[in-house]
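Visitor: File protein.pdb below, PDB, C-alpha atoms:
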ATOM      1  CA  MET A 768     -17.235   3.235  13.419
ATOM      2  CA  THR A 769     -20.450   1.511  12.399
ATOM      3  CA  ALA A 770     -21.933  -1.283  14.476
ATOM      4  CA  GLY A 771     -20.629  -3.826  11.981
ATOM      5  CA  GLN A 772     -17.117  -2.388  12.062
ATOM      6  CA  LYS A 773     -17.129  -2.447  15.870
ATOM      7  CA  ARG A 774     -18.268  -6.065  15.821
ATOM      8  CA  VAL A 775     -15.436  -7.280  13.574
ATOM      9  CA  TRP A 776     -12.919  -5.340  15.641
ATOM     10  CA  GLN A 777     -13.993  -7.459  18.598
ATOM     11  CA  THR A 778     -14.287 -10.763  16.761
ATOM     12  CA  GLN A 779     -11.791 -10.639  13.876
ATOM     13  CA  TRP A 780      -9.015  -8.265  14.881
ATOM     14  CA  PRO A 781      -7.228 -10.650  17.285
ATOM     15  CA  GLU A 782      -6.680 -13.062  14.388
ATOM     16  CA  LEU A 783      -6.223 -10.675  11.472
ATOM     17  CA  GLY A 784      -4.636  -7.547  12.871
ATOM     18  CA  LEU A 785      -1.743  -6.065  14.756
ATOM     19  CA  THR A 786      -1.229  -2.530  15.996
ATOM     20  CA  GLN A 787       2.155  -0.857  15.909
ATOM     21  CA  GLU A 788       2.356  -1.272  19.680
ATOM     22  CA  ASP A 789       1.608  -5.008  19.447
ATOM     23  CA  LEU A 790       4.507  -5.761  17.119
ATOM     24  CA  PRO A 791       7.303  -7.707  18.789
ATOM     25  CA  PRO A 792      10.808  -6.244  18.504
ATOM     26  CA  GLY A 793      12.725  -7.137  15.371
ATOM     27  CA  GLU A 794      11.682  -8.588  12.057
ATOM     28  CA  LEU A 795       8.142  -9.931  11.830
ATOM     29  CA  ASP A 796       7.689 -13.531  10.698
ATOM     30  CA  LEU A 797       5.190 -12.907   7.898
ATOM     31  CA  ALA A 798       4.847 -16.583   6.990
ATOM     32  CA  ARG A 799       3.862 -17.414  10.539
ATOM     33  CA  TRP A 800       1.377 -14.533  10.688
ATOM     34  CA  PHE A 801      -0.313 -15.565   7.445
ATOM     35  CA  GLY A 802       0.001 -19.243   8.232
ATOM     36  CA  ARG A 803       1.786 -20.035   4.969
ATOM     37  CA  GLU A 804       4.727 -19.223   2.737
ATOM     38  CA  ALA A 805       3.562 -17.026  -0.160
ATOM     39  CA  PRO A 806       4.549 -13.797  -1.930
ATOM     40  CA  THR A 807       3.577 -10.871   0.276
ATOM     41  CA  VAL A 808       2.376  -7.508  -1.005
ATOM     42  CA  LEU A 809       2.112  -4.523   1.341
ATOM     43  CA  GLU A 810      -0.533  -1.900   0.621
ATOM     44  CA  ILE A 811       0.175   1.379   2.377
ATOM     45  CA  GLY A 812      -2.967   3.381   3.103
ATOM     46  CA  SER A 813      -5.679   0.838   2.336
ATOM     47  CA  GLY A 814      -8.481   3.332   3.053
ATOM     48  CA  MET A 815     -11.868   1.628   3.348
ATOM     49  CA  GLY A 816     -10.426  -1.590   1.980
ATOM     50  CA  GLU A 817     -12.515  -2.179  -1.129
ATOM     51  CA  ALA A 818      -9.484  -2.303  -3.464
ATOM     52  CA  THR A 819      -7.549  -4.508  -1.052
ATOM     53  CA  ALA A 820     -10.398  -6.982  -0.808
ATOM     54  CA  GLN A 821     -10.904  -7.169  -4.568
ATOM     55  CA  LEU A 822      -7.192  -7.676  -5.150
ATOM     56  CA  ALA A 823      -7.124 -10.427  -2.505
ATOM     57  CA  VAL A 824     -10.069 -12.170  -4.160
ATOM     58  CA  ALA A 825      -8.366 -11.958  -7.559
ATOM     59  CA  ALA A 826      -5.002 -13.246  -6.285
ATOM     60  CA  PRO A 827      -5.579 -15.911  -3.601
ATOM     61  CA  GLU A 828      -2.011 -17.139  -4.056
ATOM     62  CA  VAL A 829      -0.666 -13.823  -2.685
ATOM     63  CA  ASN A 830      -0.530 -12.651   0.935
ATOM     64  CA  HIS A 831      -2.040  -9.155   1.162
ATOM     65  CA  LEU A 832      -0.953  -6.962   4.079
ATOM     66  CA  ALA A 833      -2.932  -3.716   4.474
ATOM     67  CA  ALA A 834      -1.458  -0.874   6.522
ATOM     68  CA  GLU A 835      -3.854   1.875   7.592
ATOM     69  CA  VAL A 836      -4.075   4.370  10.449
ATOM     70  CA  TYR A 837      -7.839   4.788  10.755
ATOM     71  CA  PRO A 838      -9.821   2.118  12.647
ATOM     72  CA  ALA A 839     -12.979   2.586  10.570
ATOM     73  CA  GLY A 840     -11.120   1.733   7.381
ATOM     74  CA  LEU A 841      -9.607  -1.382   8.898
ATOM     75  CA  GLY A 842     -12.998  -2.341  10.287
ATOM     76  CA  GLN A 843     -14.556  -2.027   6.858
ATOM     77  CA  LEU A 844     -11.790  -4.149   5.346
ATOM     78  CA  MET A 845     -12.476  -6.843   7.928
ATOM     79  CA  LEU A 846     -16.119  -6.787   6.834
ATOM     80  CA  TRP A 847     -14.959  -7.403   3.256
ATOM     81  CA  VAL A 848     -12.707 -10.225   4.503
ATOM     82  CA  GLU A 849     -15.696 -11.748   6.265
ATOM     83  CA  LYS A 850     -17.984 -11.330   3.245
ATOM     84  CA  TYR A 851     -15.576 -13.002   0.815
ATOM     85  CA  ASP A 852     -14.207 -15.507   3.349
ATOM     86  CA  LEU A 853     -10.651 -14.373   2.667
ATOM     87  CA  GLU A 854      -7.729 -16.122   4.325
ATOM     88  CA  ASN A 855      -4.937 -14.174   2.619
ATOM     89  CA  VAL A 856      -5.407 -10.743   4.233
ATOM     90  CA  ARG A 857      -3.777  -9.314   7.357
ATOM     91  CA  LEU A 858      -4.051  -5.794   8.759
ATOM     92  CA  LEU A 859      -1.630  -3.403  10.409
ATOM     93  CA  GLN A 860      -2.710  -0.277  12.250
ATOM     94  CA  GLY A 861       0.146   2.157  12.460
ATOM     95  CA  ASP A 862       2.917   3.949  10.612
ATOM     96  CA  ALA A 863       4.026   1.975   7.573
ATOM     97  CA  LEU A 864       7.408   3.704   7.524
ATOM     98  CA  ASP A 865       8.215   2.485  11.032
ATOM     99  CA  PHE A 866       6.917  -0.964  10.122
ATOM    100  CA  LEU A 867       9.142  -1.201   7.046
ATOM    101  CA  ARG A 868      12.197   0.110   8.854
ATOM    102  CA  ASP A 869      11.917  -1.867  12.072
ATOM    103  CA  HIS A 870       9.958  -5.020  11.280
ATOM    104  CA  VAL A 871      10.462  -6.041   7.636
ATOM    105  CA  ALA A 872      13.645  -7.818   6.574
ATOM    106  CA  PRO A 873      15.456  -6.579   3.466
ATOM    107  CA  GLY A 874      14.436  -8.382   0.293
ATOM    108  CA  THR A 875      11.195  -9.687   1.798
ATOM    109  CA  LEU A 876       8.269  -8.164  -0.097
ATOM    110  CA  ALA A 877       6.980  -9.141  -3.530
ATOM    111  CA  GLY A 878       5.354  -5.750  -3.892
ATOM    112  CA  VAL A 879       4.414  -2.445  -2.307
ATOM    113  CA  ARG A 880       1.286  -0.577  -3.394
ATOM    114  CA  ILE A 881       0.545   3.045  -2.574
ATOM    115  CA  TYR A 882      -2.723   4.161  -4.093
ATOM    116  CA  PHE A 883      -3.838   7.780  -3.706
ATOM    117  CA  PRO A 884      -1.726   8.798  -0.708
ATOM    118  CA  ASP A 885      -2.610  12.052   1.025
ATOM    119  CA  PRO A 886      -1.463  14.731  -1.467
ATOM    120  CA  TRP A 887      -1.009  17.464   1.136
ATOM    121  CA  PRO A 888      -1.950  19.950  -1.593
ATOM    122  CA  LYS A 889      -0.739  23.138   0.089
ATOM    123  CA  LYS A 890       2.860  23.851  -0.870
ATOM    124  CA  ARG A 891       3.953  24.448   2.704
ATOM    125  CA  HIS A 892       2.770  20.916   3.554
ATOM    126  CA  HIS A 893       4.547  19.105   0.700
ATOM    127  CA  LYS A 894       7.274  17.981   3.102
ATOM    128  CA  ARG A 895       4.647  15.765   4.757
ATOM    129  CA  ARG A 896       4.078  13.737   1.603
ATOM    130  CA  LEU A 897       4.899  10.076   1.988
ATOM    131  CA  VAL A 898       6.806   9.549  -1.259
ATOM    132  CA  SER A 899      10.264  11.021  -0.719
ATOM    133  CA  PRO A 900      13.811   9.868  -1.546
ATOM    134  CA  PRO A 901      14.488   8.283   1.888
ATOM    135  CA  PHE A 902      11.123   6.512   1.869
ATOM    136  CA  VAL A 903      11.516   5.134  -1.653
ATOM    137  CA  ALA A 904      15.035   3.949  -0.827
ATOM    138  CA  LEU A 905      13.621   2.122   2.208
ATOM    139  CA  VAL A 906      10.865   0.523   0.132
ATOM    140  CA  ALA A 907      13.385  -0.573  -2.497
ATOM    141  CA  SER A 908      15.552  -2.211   0.167
ATOM    142  CA  ARG A 909      12.578  -4.250   1.418
ATOM    143  CA  LEU A 910      11.542  -5.471  -2.031
ATOM    144  CA  GLN A 911      12.840  -8.763  -3.291
ATOM    145  CA  SER A 912      14.585  -8.831  -6.658
ATOM    146  CA  GLY A 913      11.891  -8.354  -9.288
ATOM    147  CA  GLY A 914       9.430  -7.004  -6.716
ATOM    148  CA  ALA A 915       7.239  -4.102  -7.772
ATOM    149  CA  LEU A 916       6.492  -0.655  -6.376
ATOM    150  CA  HIS A 917       3.148   0.568  -7.739
ATOM    151  CA  LEU A 918       2.063   4.157  -7.163
ATOM    152  CA  ALA A 919      -1.129   5.929  -8.218
ATOM    153  CA  THR A 920      -2.275   9.500  -7.632
ATOM    154  CA  ASP A 921      -4.714  12.027  -9.053
ATOM    155  CA  TRP A 922      -2.614  15.078  -8.136
ATOM    156  CA  ALA A 923      -0.462  16.162 -11.081
ATOM    157  CA  ASP A 924       2.373  17.814  -9.138
ATOM    158  CA  TYR A 925       2.582  14.861  -6.747
ATOM    159  CA  ALA A 926       2.710  12.483  -9.722
ATOM    160  CA  ASP A 927       5.620  14.472 -11.144
ATOM    161  CA  ARG A 928       7.387  14.349  -7.788
ATOM    162  CA  MET A 929       6.817  10.590  -7.476
ATOM    163  CA  PHE A 930       8.271  10.110 -10.935
ATOM    164  CA  ALA A 931      11.367  12.210 -10.158
ATOM    165  CA  VAL A 932      11.993  10.452  -6.844
ATOM    166  CA  CYS A 933      11.618   6.935  -8.246
ATOM    167  CA  GLU A 934      13.729   7.695 -11.318
ATOM    168  CA  ALA A 935      16.540   8.808  -9.003
ATOM    169  CA  GLU A 936      16.485   5.564  -6.984
ATOM    170  CA  PRO A 937      19.175   3.285  -8.482
ATOM    171  CA  ALA A 938      17.583   0.081  -7.144
ATOM    172  CA  LEU A 939      14.373   0.675  -9.124
ATOM    173  CA  ARG A 940      13.677   0.472 -12.829
ATOM    174  CA  ASN A 941      10.594   1.927 -14.490
ATOM    175  CA  GLN A 942       8.588  -0.739 -16.311
ATOM    176  CA  TYR A 943       7.548   1.963 -18.803
ATOM    177  CA  GLU A 944       9.214   5.040 -20.250
ATOM    178  CA  THR A 945       7.168   7.320 -18.002
ATOM    179  CA  TRP A 946       3.578   6.705 -16.825
ATOM    180  CA  ALA A 947       2.187   3.196 -16.755
ATOM    181  CA  PRO A 948      -1.080   2.415 -18.509
ATOM    182  CA  ARG A 949      -3.797   2.036 -15.936
ATOM    183  CA  PRO A 950      -3.727  -1.677 -15.030
ATOM    184  CA  GLU A 951      -7.075  -3.354 -15.652
ATOM    185  CA  TRP A 952      -6.570  -5.375 -12.487
ATOM    186  CA  ARG A 953      -6.388  -2.302 -10.210
ATOM    187  CA  PRO A 954      -9.926  -1.807  -8.865
ATOM    188  CA  VAL A 955     -11.644   1.534  -9.375
ATOM    189  CA  THR A 956     -12.570   2.842  -5.933
ATOM    190  CA  LYS A 957     -15.136   5.503  -5.049
ATOM    191  CA  PHE A 958     -12.226   7.825  -4.350
ATOM    192  CA  GLU A 959     -10.828   7.392  -7.849
ATOM    193  CA  SER A 960     -14.254   7.766  -9.445
ATOM    194  CA  ARG A 961     -14.730  11.047  -7.598
ATOM    195  CA  ALA A 962     -11.323  12.299  -8.745
ATOM    196  CA  GLN A 963     -12.168  11.487 -12.340
ATOM    197  CA  ALA A 964     -15.567  13.182 -12.013
ATOM    198  CA  GLU A 965     -13.807  16.303 -10.754
ATOM    199  CA  GLY A 966     -11.507  16.280 -13.781
ATOM    200  CA  ARG A 967      -8.263  15.087 -12.188
ATOM    201  CA  GLU A 968      -6.220  12.661 -14.280
ATOM    202  CA  VAL A 969      -5.103   9.508 -12.489
ATOM    203  CA  ARG A 970      -1.502   8.478 -13.150
ATOM    204  CA  ASP A 971       0.170   5.155 -12.356
ATOM    205  CA  LEU A 972       3.860   4.402 -11.925
ATOM    206  CA  ILE A 973       5.216   0.846 -11.730
ATOM    207  CA  TYR A 974       8.842   0.187 -10.826
ATOM    208  CA  THR A 975      10.744  -3.085 -10.448
ATOM    209  CA  LYS A 976      13.534  -3.840  -7.978
ATOM    210  CA  VAL A 977      16.781  -4.587  -9.803
ATOM    211  CA  THR A 978      20.005  -6.144  -8.589
ATOM    212  CA  LEU A 979      23.613  -5.551  -9.627
ATOM    213  CA  THR A 980      23.389  -8.451 -12.094
ATOM    214  CA  ASP A 981      20.529  -6.651 -13.880
ATOM    215  CA  TRP A 982      22.618  -3.630 -14.773
TER     216      TRP A 982
END
I'd like the structure from this file rewritten - as structure tokens, please.

Guide:
Amino acid sequence: MTAGQKRVWQTQWPELGLTQEDLPPGELDLARWFGREAPTVLEIGSGMGEATAQLAVAAPEVNHLAAEVYPAGLGQLMLWVEKYDLENVRLLQGDALDFLRDHVAPGTLAGVRIYFPDPWPKKRHHKRRLVSPPFVALVASRLQSGGALHLATDWADYADRMFAVCEAEPALRNQYETWAPRPEWRPVTKFESRAQAEGREVRDLIYTKVTLTDW
């Protein structure tokens, strides 16, 4: 980590962050953690945090929860939080799957965002990919009615797999026939710019949680 990232870990983390080990047993009281009642969106794999910070600036009425494994990325996000004086961002270091399963009540989240997850490009490693039928079913169960699952990737075969998995989940409905137009509000990160420069097409998928009355 840089000196600045180390500094905010010491000064900001106790207020803004929790590690997987710090989480109390049972469902986490998100309103208490954020200090207010507001729609909460979980971003899984927030990377270096630039997209998270820009989204939090653009939507101050939303609680933004960033889940990331790597300390440097969380440290950089805390620097963005400090720079923009954000009060609507919280950070989780740990496995988002365990967090969703063990600490998030069903029907809680207004949205889940997964931007450019590790593609595990080698075929023998595809089983390690995050987006799978059990995972998407878990996400759908934690979304409130009308909540959105937004996926983006620059790997064509992973995009096709995401599409197939989400289409097979009965609790989700595609907001478009297939791929979503790239939302203007989703920030372009350095990672995405590099993917585009290398000739990889970025694809978005946006699904909405439906209930029995929506059928």

Visitor: Pull out every residue that the PyMOL selection byres ((chain A and resi 881-896) around 8) matches in the shown coordinates and put them as a list of chain:residue names.

Guide: A:Glu810, A:Ile811, A:Gly812, A:Ser813, A:Val879, A:Arg880, A:Leu897, A:Val898, A:Ser899, A:Leu916, A:His917, A:Leu918, A:Ala919, A:Thr920, A:Asp921, A:Trp922, A:Tyr925

Visitor: Using C-alpha atoms, can you write the selected residues to a file as a compact mmCIF listing (two decimals), in the coordinates of the input?

Guide:
# COMPACT_ATOMS: atom_id res chain seq x y z
CA GLU A 810 -0.53 -1.90 0.62
CA ILE A 811 0.18 1.38 2.38
CA GLY A 812 -2.97 3.38 3.10
CA SER A 813 -5.68 0.84 2.34
CA VAL A 879 4.41 -2.44 -2.31
CA ARG A 880 1.29 -0.58 -3.39
CA LEU A 897 4.90 10.08 1.99
CA VAL A 898 6.81 9.55 -1.26
CA SER A 899 10.26 11.02 -0.72
CA LEU A 916 6.49 -0.66 -6.38
CA HIS A 917 3.15 0.57 -7.74
CA LEU A 918 2.06 4.16 -7.16
CA ALA A 919 -1.13 5.93 -8.22
CA THR A 920 -2.28 9.50 -7.63
CA ASP A 921 -4.71 12.03 -9.05
CA TRP A 922 -2.61 15.08 -8.14
CA TYR A 925 2.58 14.86 -6.75

Visitor: Counting only C-alpha atoms, which residue out of A:Gln843, A:Gly814, A:Val871, A:Gln821 sits closest to Ala770 of chain A?

Guide: A:Gln843

Visitor: For the point (8.1, -4.3, -6.4) in the file's frame, write as number ranges by chain all residues with an atom no more than 8 Å away, counting only C-alpha atoms.

Guide: A: 876-879, 907, 910-917, 973-976

Visitor: Hey, can you check how far atom CA of Leu841 of chain A sits from atom CA of Leu859 of chain A?

Guide: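 Straight-line distance from atom CA of Leu841 of chain A to atom CA of Leu859 of chain A works out to 8.4 Å.
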
Visitor: I'd like to see the residues matched by the PyMOL selection byres ((chain A and resi 790-807) around 8) on this file, and ideally I'd get them as a list in words.

Guide: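 Expected selection for the PyMOL selection byres ((chain A and resi 790-807) around 8) here is Leu785, Thr786, Gln787, Glu788, Asp789, Val808, Leu809, Glu828, Val829, Asn830, His831, Leu832, Asn855, Val856, Arg857, Asp869, His870, Val871, Ala872, Thr875, Leu876, Ala877 and Gly878 of chain A.
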
Visitor: Work out how far atom CA of Gly816 of chain A is from atom CA of Lys773 of chain A, in Å to one decimal.

Guide: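 These two atoms are separated by 15.4 Å.
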
Visitor: Pick the closest to Val906 of chain A from A:Val848, A:Cys933, A:Ala839, A:Ala826: which is it, counting all atoms listed in the file?

Guide: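 Of A:Val848, A:Cys933, A:Ala839, A:Ala826, the one nearest Val906 of chain A, counting all atoms listed in the file, is A:Cys933.
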
Visitor: Let me make sure I understand: among A:Asp971, A:Asp927, A:Gly842, A:Glu854, which one has the smallest atom-to-atom distance to Pro827 of chain A if we use all atoms listed in the file?

Guide: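 When distances to Pro827 of chain A are compared using all atoms listed in the file, the smallest one comes from A:Glu854.
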
Visitor: Report as a ChimeraX atom specification all protein, DNA and RNA residues lying within 8 Å of Ala863 of chain A, evaluated on all atoms listed in the file, omitting residues in the same chain fewer than 3 positions from it.

Guide: /A:811,834-835,866-867

Visitor: Of the residues A:Val977, A:Ala818, A:Val824, A:Leu939, which is the one nearest to Glu959 of chain A, using all atoms listed in the file?

Guide: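 Using all atoms listed in the file, Glu959 of chain A sits closest to A:Ala818.
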
Visitor: Pick from A:Thr819, A:Pro937, A:Met768, A:Ser960: nearest to Tyr837 of chain A, with all atoms listed in the file counted?

Guide: A:Met768

Visitor: Could you check how far atom CA of Val969 of chain A sits from atom CA of Gln942 of chain A, in Å to one decimal?

Guide: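 Interatomic distance, atom CA of Val969 of chain A to atom CA of Gln942 of chain A: 17.5 Å.
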
Visitor: Could you tell me which residues the PyMOL selection byres ((chain A and resi 845) around 10) grabs in this file, written as a ChimeraX atom specification?

Guide: /A:771-772,774-776,778-780,783-784,815-816,820,839-844,846-853,856-858

Visitor: Which centre and edge lengths in Å to one decimal define the box along x, y and z that fits every listed atom of segment 833-840 of chain A plus 8 Å per side, as JSON?

Guide:
{"center_x": -7.2, "center_y": 0.5, "center_z": 8.6, "size_x": 27.5, "size_y": 24.5, "size_z": 24.2}
